[in-house]
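First up is the structure itself, then whatever we jot down about it.
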Amino acid sequence: MNKKRSLPFVQWIRLLVRSFFLQAAWNYENFQGVGFAYMLAPFLPAGADGRAQSRRYLQCFNTNPYLAGMIAGGTLRLEEECAEGRISTEQIDLFRDDLTGALGALGDSFVWGTLRPLAGLLTVPAAMFLERWAPLFFLLLYNSVTLGLRVSGIVNGYGSGLDLLQYLKRLELQKKMYWMNGLTLFAVGALMPLWVMQVLPMRSFAYLGLCGFFFVVVVGAWMGERKRLPLPLQVGLLLLVSHLLVRMGWISF
Amino acid sequence: MFGDLLQIALAGGLIGLDRLAFGQFMISQPIVAAPLIGWMLDDVHTGVLIGVVLELFWFRGLPVGGYVPKDATLSAILTTGICLLGKPSVSGVDAAWLAWVFLWVWGLLYPIGFLDRWLRKKNARLIRMAEAAPSLRRGAGRATWTGIGVFFLYYFLLILLLTGLFLPFLRRGYAALPETLWGGMRFFFFLLPSIGIGSLIARKDLVRGRVLCTAGGGIAFLLFLTLGEAPGIALVGLMVAALGTVYLEGRRKAL
């Protein structure tokens with residue numbers, strides 16, 4: 001249905017750099033609306049009425065910042081088609097509004113719910129063994145994925161236009177999340193004994209005991225979270241238990 | 001001292017931009033921000049330690065939709081800054097001191113949350129600013145750069161004021177603490193990551209395969225540590241077995 005289109009390389013870079021400013025004016029009225037307008041403004045077809053453009057682009061816009069480029073690329077493509085008289089501005093606005101919610105939900109659970117904790121967990125061993133290189137390790141791990149998402153989102157959003165959903169389907173983010181969640185829990189399992197190693201030498205009975213205790217505390221925190229126990233109460237309980245155990249001489253710290 | 005404080009506030013302003021306004025490259029995550037502040041104050045080791053603990057603790061709270069979680073970035077910058085600028089002994093940093101500072105900074109995040117929300121509400125003025133301009137390009141540009149400036153100032157001033165005000169108070173308070181509390185505080189700091197890890201697990205759909213994954217990870221690591229070299233193979237074997245179980249469970253569900 002849509003012809004494959006492209007932009008000059010410099011334009012891609014400009015669009016990418018501008019996408020970094022998406023949240024610069026984040027507010028509770030139009031969320032990332034100003035940032036989205038800033039991202040697209042120089043690329044919109046010339047000749048349109050400035051005020052009318054402002055009214056359309058300063059609407060509410062709230063999605064995951066890493067997937068916003070997809071909507072920006074698609075919107076840009078549709079604006080060009082609109083200038084050629086092939087579609088209406090209403091169709092563009094509908095396209096944008098429909099995608100913000102869907103990509104927001106998908107991106108939030110992929111990036112914030114899955115990728116970020118996994119990158120954090122994988123960085124903990126790096127922090128213990130490589131120390132000062134750990135932040136770099138985290139940044140490389142995290143940004144190699146998110147930068148890929150940003151670049152491919154802009155390029156494919158522009159290339160696909162109204163067929164963007166097909167591209168999203170090909171990305172198979174749900175499937176990737178499924179695997180990453182398995183890996184996250186594997187890393188959680190490995191992290192607990194590794195963390196205890198920080199304070200006690202391994203191969204001792206006390207080491208195994210403390211591993212077990214740490215595991216019990218994690219299970220307690222998990223149950224507290226499921227029962228919606230407020231964080232101050234969780235922290236207070238942890239402080240109390242730590243103090244009592246040391247005071248009673250069960251654990252020496 | 002004031003030079004260091006200014007340096008931290010400037011760096012904090014830039015790091016805060018990553019969280020709020022520019023890029024989201026995650027320089028603002030505690031595991032990056034805390035070592036960075038530690039490096040500026042010549043103690044990367046403590047920075048990394050604080051970074052790891054806070055990274056794991058702040059697994060809870062996702063910025064989903066319009067929800068703004070507690071500020072993990074500010075928590076990392078303030079905790080590291082105050083801990084290193086005000087450490088009671090020159091030889092090293094006691095985990096009890098880290099826990100003491102963490103608790104106060106964490107308590108401060110609640111009133112700061114109101115300030116954060118107020119600022120974001122006030123940011124609606126930037127929309128009017130953009131609308132008032134003759135063209136979208138000019139208006140959006142002006143509003144965006146004003147937003148960047150506002151967010152930078154917000155972090156810069158907050159870090160400068162809070163570190164400056166709380167540092168002497170926390171140092172004096174810590175010195176007045178009975179020593180019997182110190183052991184408990186050290187143990188508390190060591191246990192802090194469990195809250196974040198528990199919260200992370202609570203968000204996952206714990207099907208049997210995934211529970212096996214967690215157990216597989218723990219057992220594989222323990223084997224790797226206790227048996228020496230060979231268990232590299234055991235580690236890989238267990239990993240494959242655990243992930244294989246997840247895969248089979250997923251396939252069975254799909255069928």
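Starting from 1 in every chain, residues are counted up; chains themselves are A, B, ... following the order of the structure tokens, and ligands are numbered from 1 as listed.
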Report task. Write out as a ChimeraX atom specification every residue belonging to chain B that has an atom at most 7 Å from any atom of chain A, counting only C-alpha atoms. Result -> /B:20-23,25-26,31-32,44-45,48,52,55,59,62,64-65,120-121,123-124,126-127,131,134-137,140-141,143-144,147-148,181,183-188,194-195,197-199,201-202,210,213-218,221-222,226,243,246
Report task. Could you tell me, as a count of residues only, which residues of range 9-251 of chain B DSSP assigns to alpha helix (DSSP H) when given the backbone? Result -> 192
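Near range 154-168 of chain A, within 6 Å and counting only C-alpha atoms, sit Lys4, Arg5, Gly69, Met70, Gly73, Gly74 and Arg77 of chain A; same-chain residues fewer than 6 positions away were not included.
Between CA of Phe114 in chain B and CA of Lys70 in chain B the interatomic distance comes to 10.2 Å.
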Report task. Rounded to one decimal place, report the CA of Ala83 in chain A-CA of Val10 in chain A distance in Å. Result -> 22.1 Å
Query raised in the report: Within 9 Å of Arg96 in chain A, counting only C-alpha atoms, which residues qualify if same-chain residues fewer than 6 places away don't, as an MDAnalysis selection string?
Result: chainID A and resid 61 71:72 74:75
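Relative to CA of Ile82 in chain B, CA of Leu167 in chain B is found at 5.9 Å.
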Residue neighbourhood Ala175 in chain B, 10 Å, only C-alpha atoms, exclusion window fewer than 4 positions, as a PDB file with C-alpha atoms, in the first residue's frame:
ATOM      1  CA  PRO B  88      33.341  10.494  60.025  1.00  0.00           C
ATOM      2  CA  TRP B  97      26.967   5.793  58.215  1.00  0.00           C
ATOM      3  CA  LEU B 170      23.490  14.334  59.870  1.00  0.00           C
ATOM      4  CA  ARG B 171      27.105  14.220  60.999  1.00  0.00           C
ATOM      5  CA  GLU B 179      27.100   2.522  69.228  1.00  0.00           C
TER       6      GLU B 179
END
